[in-house]
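S.K.: Mind having a look at this structure? Questions to follow.
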Amino acid sequence: MRSKIDKKEIILSNISNTDKDELGNFYKTTFPTRYKSLINNWSWWYKNDNKEIEPIILLDRKKVIGQAAFISIKINIFGKIIKAIWFQDYAILPEYKGLGYGKMLCAEWMKICPNQMAICSPFSLRVLKKFNWNDNYENKRYVKPLNFTKFLPYLKKVDNNTINNIYKFFLRFKKSKSSVKIYKIKDNLSVLTDAFSNQEEPFDNNFINIHRDLDWFSWRFVDCPYKDDIYFFQYQNNFSIVHIYQKENIKRLNIMYNFFTDKSFENEILASIISWSIDNNIDFVWAVSKNIEFKNIFSSMLTKSLKLATWTGKKENSNCFENGIFNLQGVDSDIESGLYVE
């Protein structure tokens with residue numbers, strides 16, 4: 001372990017100029033469940049379509065020892081569309097922690113954009129708080145296990161009637177009688193794109209509002225490296241985009257993004273998705289929202305507050321950034337895609 005920072009050997013670079021083998025070694029250590037996808041798809045993960053704001057790499061000679069990555073997005077503040085970034089995948093090799101390198105990276109990325117947001121780990125939040133970031137815990141991550149035998153192995157030894165009774169007890173809501181149709185996104189892009197183009201985004205002047213336009217849609221779904229596993233449900237011209245995949249023998253359905261022509265159907269389509277999941281052997285449903293009505297469907301025992309951190313260099317935007325994000329969903333930042341394992 002190094003005892004001090006040697007400025008002659010520790011340098012800042014960007015991801016495009018970094019040796020890919022060295023980057024791969026770094027990802028294997030810092031992101032062990034995702035390193036294959038990061039190595040193969042880092043340009044997509046970090047929306048690297050703007051070379052002016054590439055992820056920052058910290059090098060010890062040629063060895064990658066740290067990274068601060070981000071995604072460029074647009075936000076709506078008081079009806080004005082402005083640039084912002086999602087800060088994500090911030091990591092330092094274990095043997096280099098505690099020596100000031102994290103603060104060095106933070107000071108550098110703070111120069112990139114005056115409007116920044118992050119869904120944080122406790123380690124990242126501690127660093128960000130030193131740079132006067134706000135924290136907010138209003139947005140929730142919801143999960144709903146649907147097959148308890150997958151999560152509690154000893155239940156497999158119990159007779160089926162007992163398992164079914166436990167299942168019904170924990171489910172706690174009547175299966176929806178509404179029928180929703182499910183489609184593979186890559187085979188029905190025109191339908192979804194047209195509907196997305198005609199939606200009205202929810203908006204509140206007191207908060208940050210994420211602006212999702214067709215460029216964002218194309219990047220996030222059309223160019224997504226795992227789009228074969230992305231589907232959407234349609235119910236009376238209301239849409240829910242989901243990611244269905246299997247991880248460690250658990251079949252998951254992650255609700256990524258909802259948009260509605262009539263928001264009163266939100267809980268109805270959510271209940272219908274869970275009913276469909278039960279009928280199609282999904283083990284686990286996951287969602288992100290600040291909608292308190294979700295508690296009628298998801299158990300509060302399994303609900304977790306997301307650690308949202310925000311910072312702005314624009315005084316006129318400070319109240320919105322302190323209040324957090326009005327329309328956060330699972331598709332934003334790396335909340336959902338960070339769960340993906342290749």
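Here, A, B, ... name the chains of the structure tokens in the order displayed, residue numbers run from 1 inside each chain, and ligands are numbered from 1 in the same displayed order.
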For the contact check between segment 288-334 of chain A and segment 88-94 of chain A, emit one row per residue of segment 288-334 of chain A within 12 Å, containing the shortest atom pair and the distance in Å rounded to one decimal, counting only C-alpha atoms, chain then rising number order, as a tab-separated table.
M.R.:
residue	atom	partner	partner_atom	distance
A:Leu308	CA	A:Gln88	CA	11.5
A:Ala309	CA	A:Gln88	CA	11.1
A:Asp332	CA	A:Gln88	CA	10.9
A:Ser333	CA	A:Gln88	CA	7.1
A:Asp334	CA	A:Gln88	CA	7.0
S.K.: Quick check for you: according to DSSP on this backbone, which residues of segment 130-282 of chain A are classed as helix (DSSP H, G or I)? Reply as a PyMOL selection string.
M.R.: chain A and resi 148-151+153-157+160-171+185-187+189-197+214-222+227-229+263-279
S.K.: Would you mind telling me which residue in A:Phe148, A:Phe260, A:Tyr231, A:Trp86 lies nearest to Ile210 of chain A when using only C-alpha atoms?
M.R.: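 The closest residue to Ile210 of chain A is A:Trp86.
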S.K.: Record the distance separating atom CA of Ile325 of chain A and atom CA of Asn206 of chain A, expressed in Å with one decimal.
M.R.: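 If I compute the distance from atom CA of Ile325 of chain A to atom CA of Asn206 of chain A, I get 9.2 Å.
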S.K.: Which one of A:Ile71, A:Asn132, A:Asn41, A:Ile244 sits closest to Glu54 of chain A if you count only C-alpha atoms?
M.R.: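 Closest candidate: A:Ile71.
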S.K.: Counting only C-alpha atoms, what is within 12 Å of Lys186 of chain A, bar same-chain residues fewer than 6 positions away, as a list in words?
M.R.: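 Non-adjacent residues within range: Leu192, Thr193, Ser218, Phe221, Val222, Asp223, Cys224, Pro225, Tyr226, Lys227, Asp228, Asp229, Ile230, Tyr231, Phe232 and Ile241 of chain A.
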S.K.: May I have all residues of segment 24-87 of chain A that DSSP, computed from the backbone, assigns to strand (DSSP E or B), given as number ranges by chain?
M.R.: A: 56-60, 63-77, 80-87
S.K.: Quick check, in Å to one decimal: how far apart do atom CA of Ile250 of chain A and atom CA of Ser300 of chain A lie?
M.R.: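 Interatomic distance here is 21.5 Å.
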S.K.: Skip Pro55 of chain A itself and residues of its chain fewer than 5 positions away, then list as JSON, numbers by chain all residues within 9 Å of it, counting only C-alpha atoms.
M.R.: {"A": [13, 14, 15, 16, 46, 48, 67, 68, 69, 70, 71, 109]}
S.K.: Calculate how many Å separate atom CA of Phe217 of chain A from atom CA of Lys144 of chain A, rounding to one decimal.
M.R.: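 Computing the Euclidean distance for atom CA of Phe217 of chain A and atom CA of Lys144 of chain A yields 27.0 Å.
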S.K.: When distances are computed from only C-alpha atoms, which of A:Ile85, A:Gly98, A:Phe31, A:Asn115 shows the smallest separation from Lys314 of chain A?
M.R.: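 That would be A:Asn115, the residue with the smallest distance to Lys314 of chain A.
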S.K.: Could you name the residues that touch segment 278-285 of chain A at 10 Å or less, counting only C-alpha atoms, but leaving out those on the same chain fewer than 3 positions away, as a count of residues only?
M.R.: 27
